[in-house]
Amino acid sequence: MSLHFRAKFHAVALALGAACALPAHAQTEIQWWHSMSGALGEWVNDLAKEFNESQQEYRVTPTYKGQYGESMTAAIAAFRSGNAPHILQVFEVGTATMMASKGAIKPVAEVMKEAGLAFDPKAYVPAVAGYYTAPNGQMLSFPFNSSTTVFFYNKDAFKAAGLDADKPPKTWPEVKEAAQKLKAAGHKCPLTTSWVSWTQLESFSAWHNVLFATENNGFGGTGARMAVDSPVHLRHIENLADMAKDGLLIYKGRGNLADATFVSGECAMTTGSSGLYANVKRNAKFASGISTLPYYPDVQGAPQNTVIGGASLWVMGGKKADEYKGVGKFFAFLAQPEVAARSHQRTGYLPVTIAAYELTEKSGFYKENPGTDVAVQQMIRQTTDKSRGIRLGNFVQIRTIVDEELEGVWSGKQSPKQALDAVVKRGNEQLERFQKAHK
């Protein structure tokens with residue numbers, strides 16, 4: 001073999017080797033930042049895995065970025081430095097802030113249209129779609145893990161206290177009565193609650209058809225101001241304060257910290273997210289039940305409907321067209337009736353599409369798992385301007401204010417009236433600041 005031929009042969013061999021080392025088609029990576037841990041973190045990872053295995057072009061990489069507030073802060077910082085993810089899971093209280101972040105986000109309706117994918121907002125549960133839709137009718141984010149507030153109770157603890165395990169308390173007077181019986185039977189934590197602002201003020205307001213804030217809870221514009229100092233709100237917080245003083249309501253901390261105390265069996269009743277179902281189903285060692293949020297039967301218009309919670313998926317701005325196409329395909333995958341129905345049944349979150357709800361109903365899931373349709377039923381009641389939802393600027397800060405002021409009530413350091421007056425005053429300062437910044 002001549003030197004020239006040998007060199008040529010060697011070059012061809014190298015080229016072939018390099019070609020073989022490269023994949024046939026390099027996958028486009030889609031970064032997804034989320035706030036799901038435990039059983040829900042496994043669900044998110046399974047969704048990404050299923051999508052990745054269903055096609056060859058795109059690879060969705062989910063990354064846990066801490067709780068909702070932390071992941072949102074991290075994404076805003078990443079956007080400013082040009083390293084934002086493609087998809088960001090944002091809790092509902094961040095909606096107004098995201099909507100006002102022009103340039104930082106790309107509306108989901110736009111993403112789907114540019115990707116040439118069918119997208120019909122009417123396919124989504126109205127209460128869910130409406131919350132994430134701009135005044136011009138354009139859907140801004142993709143409904144993903146929408147939840148609402150429900151009542152969980154320990155059936156075994158009820159039986160031990162001589163209560164009917166198949167008849168959960170429906171009203172606040174009944175909850176108090178059940179808590180007294182549980183305490184008399186030796187239960188150290190008859191009732192607790194997660195997400196205090198969401199369950200005891202926000203959803204409470206909608207459920208009783210009273211405003212949480214003016215301007216139809218912020219849907220009417222950035223001039224909204226707090227309205228939680230009404231007689232109905234004061235009565236409720238006074239009632240909870242009395243229960244806390246009598247050892248019937250045990251405060252377990254902010255956010256969803258109380259969830260673990262229900263799942264462990266320490267607390268017998270709790271109000272929290274319907275999304276807690278996945279954790280209860282997997283980890284609770286007792287029979288449990290789900291019921292509607294309690295209400296005061298003498299308040300006119302109650303019960304109305306509860307408000308949306310959980311989170312949606314926002315698409316961050318400044319990415320390439322091919323990457324946006326991948327995001328669109330992933331969203332189309334998540335919206336498939338079978339995929340959406342499985343997610344709903346696995347987690348307790350609302351079915352985001354009507355087709356997913358119908359498929360679940362048809363399968364007999366609700367009959368086999370009593371209470372799993374409570375969240376859906378609470379959300380599909382007819383909404384009013386007072387109960388459509390709450391969309392306020394600086395809402396994350398307002399929730400922190402609610403936590404701080406009500407902690408003074410649970411510890412007996414201030415009266416319910418002092419706390420609610422302070423929530424209104426401090427909350428309005430946040431709303432005014434947001435209004436000035438987004439004129």
# chains A, B, ... in the order shown; residues from 1 in each chain; ligands from 1
>>> residues_around(residues="segment 230-234 of chain A", least_positions_apart="2", cutoff="12 Å", atoms="only C-alpha atoms", output="PyMOL selection string")
chain A and resi 197+200-214+226-228+236-241+295-300+302+406+409+415-421+423-424
>>> select_by_dssp(residues="segment 186-384 of chain A", states="strand (DSSP E or B)", output="list in words")
Cys189, Pro190, Leu191, Thr192, Thr193, Ala213, Met226, Leu249, Cys267, Ala268, Met269, Thr270, Thr271, Gly272, Ser273, Ser288, Gly289, Ile290, Ser291, Tyr295, Gly309, Gly310, Ala311, Ser312, Leu313, Trp314, Val315, Met316 and Thr353 of chain A
>>> write_last_selection(atoms="C-alpha atoms", output="mmCIF file, in the first residue's frame")
data_model
loop_
_atom_site.group_PDB
_atom_site.id
_atom_site.type_symbol
_atom_site.label_atom_id
_atom_site.label_comp_id
_atom_site.auth_asym_id
_atom_site.auth_seq_id
_atom_site.Cartn_x
_atom_site.Cartn_y
_atom_site.Cartn_z
ATOM 1 C CA CYS A 189 -54.184 17.800 66.964
ATOM 2 C CA PRO A 190 -57.847 17.660 65.937
ATOM 3 C CA LEU A 191 -57.525 20.219 63.097
ATOM 4 C CA THR A 192 -54.714 21.926 61.216
ATOM 5 C CA THR A 193 -54.415 23.782 57.913
ATOM 6 C CA ALA A 213 -59.972 42.389 47.197
ATOM 7 C CA MET A 226 -57.675 44.448 50.147
ATOM 8 C CA LEU A 249 -56.837 24.053 65.826
ATOM 9 C CA CYS A 267 -53.548 15.708 62.909
ATOM 10 C CA ALA A 268 -57.024 14.281 62.243
ATOM 11 C CA MET A 269 -58.450 16.962 59.933
ATOM 12 C CA THR A 270 -56.907 19.517 57.598
ATOM 13 C CA THR A 271 -57.801 22.007 54.894
ATOM 14 C CA GLY A 272 -55.298 22.090 52.057
ATOM 15 C CA SER A 273 -54.641 21.434 48.400
ATOM 16 C CA SER A 288 -58.928 8.828 54.823
ATOM 17 C CA GLY A 289 -61.697 10.853 53.236
ATOM 18 C CA ILE A 290 -61.977 14.011 51.134
ATOM 19 C CA SER A 291 -64.829 16.467 51.467
ATOM 20 C CA TYR A 295 -68.735 26.985 55.203
ATOM 21 C CA GLY A 309 -54.468 26.987 43.238
ATOM 22 C CA GLY A 310 -51.492 24.946 42.125
ATOM 23 C CA ALA A 311 -49.481 26.147 39.172
ATOM 24 C CA SER A 312 -49.226 26.539 35.419
ATOM 25 C CA LEU A 313 -46.334 26.287 32.972
ATOM 26 C CA TRP A 314 -44.958 29.539 31.593
ATOM 27 C CA VAL A 315 -42.721 29.693 28.514
ATOM 28 C CA MET A 316 -39.735 31.977 28.962
ATOM 29 C CA THR A 353 -59.187 19.447 30.108
#
>>> closest_atom_pairs(of="segment 255-355 of chain A", to="segment 369-379 of chain A", cutoff="12 Å", atoms="only C-alpha atoms", output="tab-separated table")
residue	atom	partner	partner_atom	distance
A:Gly272	CA	A:Ala375	CA	11.1
A:Ser273	CA	A:Ala375	CA	9.1
A:Ser274	CA	A:Ala375	CA	6.4
A:Gly275	CA	A:Ala375	CA	9.5
A:Leu276	CA	A:Thr372	CA	11.2
A:Tyr277	CA	A:Thr372	CA	8.3
A:Ala278	CA	A:Thr372	CA	10.8
A:Lys281	CA	A:Asn369	CA	10.5
A:Ala287	CA	A:Asn369	CA	11.8
A:Ser288	CA	A:Gly371	CA	9.8
A:Gly289	CA	A:Gly371	CA	6.6
A:Ile290	CA	A:Gly371	CA	4.9
A:Ser291	CA	A:Gly371	CA	6.1
A:Thr292	CA	A:Val374	CA	6.2
A:Leu293	CA	A:Gln378	CA	8.7
A:Pro294	CA	A:Gln378	CA	11.6
A:Ala302	CA	A:Gln378	CA	11.8
A:Pro303	CA	A:Gln378	CA	9.1
A:Gln304	CA	A:Gln378	CA	8.1
A:Asn305	CA	A:Gln378	CA	5.3
A:Thr306	CA	A:Gln378	CA	5.9
A:Val307	CA	A:Met379	CA	7.0
A:Ile308	CA	A:Met379	CA	7.7
A:Gly309	CA	A:Met379	CA	10.7
A:His344	CA	A:Thr372	CA	9.3
A:Gln345	CA	A:Thr372	CA	8.0
A:Arg346	CA	A:Thr372	CA	10.3
A:Thr347	CA	A:Thr372	CA	9.8
A:Gly348	CA	A:Thr372	CA	6.7
A:Tyr349	CA	A:Ala375	CA	7.9
A:Leu350	CA	A:Val376	CA	6.1
A:Pro351	CA	A:Val376	CA	7.7
A:Val352	CA	A:Val376	CA	9.9
A:Thr353	CA	A:Val376	CA	11.2
A:Ile354	CA	A:Val376	CA	10.5
>>> write_last_selection(atoms="N, CA and C atoms", output="compact mmCIF listing (two decimals), in the first residue's frame")
# COMPACT_ATOMS: atom_id res chain seq x y z
N GLY A 272 -56.51 21.91 52.86
CA GLY A 272 -55.30 22.09 52.06
C GLY A 272 -55.58 21.87 50.59
N SER A 273 -54.53 21.60 49.85
CA SER A 273 -54.64 21.43 48.40
C SER A 273 -55.15 20.04 48.03
N SER A 274 -55.99 19.99 47.00
CA SER A 274 -56.43 18.68 46.48
C SER A 274 -55.24 17.86 46.01
N GLY A 275 -54.12 18.55 45.72
CA GLY A 275 -52.90 17.87 45.27
C GLY A 275 -52.23 17.06 46.37
N LEU A 276 -52.71 17.19 47.62
CA LEU A 276 -52.17 16.39 48.73
C LEU A 276 -52.56 14.91 48.58
N TYR A 277 -53.57 14.67 47.76
CA TYR A 277 -54.11 13.31 47.57
C TYR A 277 -53.01 12.29 47.24
N ALA A 278 -52.07 12.67 46.35
CA ALA A 278 -51.01 11.73 45.93
C ALA A 278 -50.19 11.26 47.14
N LYS A 281 -52.45 9.06 49.51
CA LYS A 281 -52.67 7.74 48.90
C LYS A 281 -51.45 6.85 49.05
N ALA A 287 -57.28 4.97 56.92
CA ALA A 287 -58.32 5.25 55.93
C ALA A 287 -58.64 6.74 56.00
N SER A 288 -58.68 7.39 54.83
CA SER A 288 -58.93 8.83 54.82
C SER A 288 -60.09 9.17 53.91
N GLY A 289 -60.61 10.38 54.08
CA GLY A 289 -61.70 10.85 53.24
C GLY A 289 -61.43 12.27 52.76
N ILE A 290 -62.08 12.65 51.67
CA ILE A 290 -61.98 14.01 51.13
C ILE A 290 -63.38 14.58 51.08
N SER A 291 -63.53 15.81 51.53
CA SER A 291 -64.83 16.47 51.47
C SER A 291 -64.66 17.92 51.05
N THR A 292 -65.79 18.60 50.91
CA THR A 292 -65.76 20.01 50.49
C THR A 292 -65.27 20.91 51.62
N LEU A 293 -64.80 22.08 51.24
CA LEU A 293 -64.35 23.07 52.20
C LEU A 293 -65.54 23.44 53.11
N PRO A 294 -65.33 23.55 54.42
CA PRO A 294 -66.45 23.92 55.29
C PRO A 294 -66.93 25.36 55.02
N ALA A 302 -73.48 31.18 50.21
CA ALA A 302 -72.51 30.10 50.50
C ALA A 302 -73.23 28.74 50.46
N PRO A 303 -72.56 27.70 49.95
CA PRO A 303 -71.25 27.75 49.29
C PRO A 303 -71.37 28.12 47.81
N GLN A 304 -70.38 28.87 47.33
CA GLN A 304 -70.35 29.28 45.93
C GLN A 304 -69.39 28.36 45.16
N ASN A 305 -68.16 28.79 44.95
CA ASN A 305 -67.13 27.92 44.37
C ASN A 305 -65.79 28.29 44.99
N THR A 306 -64.86 27.37 44.97
CA THR A 306 -63.52 27.68 45.50
C THR A 306 -62.65 28.23 44.37
N VAL A 307 -61.48 28.74 44.74
CA VAL A 307 -60.60 29.34 43.73
C VAL A 307 -59.46 28.39 43.36
N ILE A 308 -58.88 28.70 42.24
CA ILE A 308 -57.80 27.88 41.71
C ILE A 308 -56.52 28.04 42.53
N GLY A 309 -55.78 26.96 42.60
CA GLY A 309 -54.47 26.99 43.24
C GLY A 309 -53.52 26.19 42.35
N HIS A 344 -54.39 13.49 36.58
CA HIS A 344 -55.46 13.86 37.52
C HIS A 344 -55.71 12.75 38.53
N GLN A 345 -55.79 11.52 38.05
CA GLN A 345 -56.09 10.38 38.92
C GLN A 345 -54.93 10.05 39.86
N ARG A 346 -53.73 10.31 39.40
CA ARG A 346 -52.55 9.99 40.20
C ARG A 346 -52.31 11.02 41.31
N THR A 347 -52.61 12.30 41.02
CA THR A 347 -52.18 13.37 41.91
C THR A 347 -53.27 14.01 42.76
N GLY A 348 -54.52 14.02 42.28
CA GLY A 348 -55.56 14.77 42.98
C GLY A 348 -55.71 16.18 42.45
N TYR A 349 -54.80 16.57 41.53
CA TYR A 349 -54.95 17.87 40.88
C TYR A 349 -56.16 17.81 39.95
N LEU A 350 -56.68 18.96 39.57
CA LEU A 350 -57.85 19.00 38.70
C LEU A 350 -57.51 18.44 37.32
N PRO A 351 -58.49 17.85 36.64
CA PRO A 351 -58.24 17.48 35.24
C PRO A 351 -58.21 18.80 34.47
N VAL A 352 -57.14 19.07 33.72
CA VAL A 352 -57.05 20.39 33.10
C VAL A 352 -57.94 20.52 31.86
N THR A 353 -58.30 19.38 31.27
CA THR A 353 -59.19 19.45 30.11
C THR A 353 -60.51 18.75 30.41
N ILE A 354 -61.55 19.16 29.70
CA ILE A 354 -62.87 18.56 29.87
C ILE A 354 -62.82 17.09 29.46
>>> select_by_dssp(residues="segment 142-380 of chain A", states="helix (DSSP H, G or I)", output="ChimeraX atom specification")
/A:155-160,172-184,196-207,214-217,231-245,257-263,274-283,321-335,337-347,354-362,365-368,374-379
>>> residues_around(residues="Phe91 of chain A", least_positions_apart="6", cutoff="12 Å", atoms="only C-alpha atoms", output="PyMOL selection string")
chain A and resi 34-36+67-73+97-98+131-132+141-147+198+308-314+391+395-396
>>> write_last_selection(atoms="C-alpha atoms", output="compact mmCIF listing (two decimals), in the first residue's frame")
# COMPACT_ATOMS: atom_id res chain seq x y z
CA HIS A 34 -40.39 22.91 38.68
CA SER A 35 -41.29 22.79 42.38
CA MET A 36 -42.61 19.25 42.75
CA GLN A 67 -40.55 25.63 46.51
CA TYR A 68 -42.69 27.84 44.26
CA GLY A 69 -41.37 31.17 45.60
CA GLU A 70 -37.75 29.99 45.29
CA SER A 71 -38.07 28.65 41.73
CA MET A 72 -39.75 31.87 40.55
CA THR A 73 -36.97 34.01 42.07
CA THR A 97 -46.38 39.26 38.15
CA MET A 98 -45.67 36.97 35.17
CA TYR A 131 -57.50 32.27 35.24
CA TYR A 132 -54.51 32.10 32.89
CA SER A 141 -49.63 29.94 30.33
CA PHE A 142 -50.33 26.23 30.08
CA PRO A 143 -52.61 24.80 32.83
CA PHE A 144 -50.67 22.01 34.48
CA ASN A 145 -51.20 21.19 38.15
CA SER A 146 -54.30 23.19 38.99
CA SER A 147 -55.71 22.46 42.42
CA TRP A 198 -55.25 30.47 50.41
CA ILE A 308 -57.80 27.88 41.71
CA GLY A 309 -54.47 26.99 43.24
CA GLY A 310 -51.49 24.95 42.13
CA ALA A 311 -49.48 26.15 39.17
CA SER A 312 -49.23 26.54 35.42
CA LEU A 313 -46.33 26.29 32.97
CA TRP A 314 -44.96 29.54 31.59
CA ARG A 391 -55.22 37.91 40.54
CA PHE A 395 -49.40 38.53 45.77
CA VAL A 396 -46.45 36.50 47.09
>>> residues_around(residues="Gly328 of chain A", least_positions_apart="4", cutoff="12 Å", atoms="only C-alpha atoms", output="ChimeraX atom specification")
/A:30,58,60,86-87,106-119,141-142,313-315,321-324,332-335
>>> write_last_selection(atoms="C-alpha atoms", output="compact mmCIF listing (two decimals), in the first residue's frame")
# COMPACT_ATOMS: atom_id res chain seq x y z
CA ILE A 30 -35.86 21.60 26.70
CA TYR A 58 -36.70 16.66 21.75
CA VAL A 60 -37.32 17.48 28.22
CA HIS A 86 -37.60 27.07 28.50
CA ILE A 87 -40.46 26.14 30.84
CA LYS A 106 -43.90 34.05 25.50
CA PRO A 107 -47.68 33.42 25.57
CA VAL A 108 -48.51 29.73 25.26
CA ALA A 109 -51.14 30.44 22.55
CA GLU A 110 -48.35 32.02 20.46
CA VAL A 111 -46.00 29.06 21.07
CA MET A 112 -48.63 26.57 19.88
CA LYS A 113 -49.62 28.63 16.83
CA GLU A 114 -46.01 29.10 15.67
CA ALA A 115 -45.37 25.38 16.13
CA GLY A 116 -48.37 24.64 13.89
CA LEU A 117 -50.11 22.72 16.67
CA ALA A 118 -53.85 22.68 17.32
CA PHE A 119 -54.71 24.62 20.46
CA SER A 141 -49.63 29.94 30.33
CA PHE A 142 -50.33 26.23 30.08
CA LEU A 313 -46.33 26.29 32.97
CA TRP A 314 -44.96 29.54 31.59
CA VAL A 315 -42.72 29.69 28.51
CA ALA A 321 -37.80 28.71 17.14
CA ASP A 322 -36.93 24.99 17.18
CA GLU A 323 -36.83 24.99 20.98
CA TYR A 324 -40.27 26.62 21.11
CA ALA A 332 -49.64 18.93 23.23
CA PHE A 333 -48.48 15.64 24.78
CA LEU A 334 -49.53 16.76 28.30
CA ALA A 335 -52.98 17.79 27.00
>>> residues_around(residues="Glu174 of chain A", least_positions_apart="2", cutoff="12 Å", atoms="only C-alpha atoms", output="PyMOL selection string")
chain A and resi 163+167-172+176-181+293-297
>>> atom_distance(atom1="atom CA of Ile401 of chain A", atom2="atom CA of Ala77 of chain A")
23.6 Å
>>> residues_around(residues="Pro62 of chain A", least_positions_apart="5", cutoff="8 Å", atoms="only C-alpha atoms", output="list in words")
Gln31, Trp32, Trp33, His34, Val44, Asn45 and Ala48 of chain A
>>> residues_around(residues="Gly223 of chain A", least_positions_apart="4", cutoff="9 Å", atoms="only C-alpha atoms", output="VMD selection string")
chain A and resid 214 to 215 218 431 to 432 435
>>> closest_residue(among="A:Val196, A:Gln430, A:Lys320, A:Lys362", to="Asp403 of chain A", atoms="only C-alpha atoms")
A:Val196
>>> closest_residue(among="A:Phe219, A:Ala341, A:Ser194, A:Pro121", to="Ser387 of chain A", atoms="only C-alpha atoms")
A:Phe219
>>> closest_residue(among="A:Phe51, A:Ile390, A:Val128, A:Ala284", to="Gln336 of chain A", atoms="only C-alpha atoms")
A:Phe51
>>> closest_residue(among="A:Phe330, A:Gly393, A:Arg59, A:Arg342", to="Ala26 of chain A", atoms="only C-alpha atoms")
A:Arg59
>>> atom_distance(atom1="atom CA of Lys252 of chain A", atom2="atom CA of Ser264 of chain A")
13.2 Å
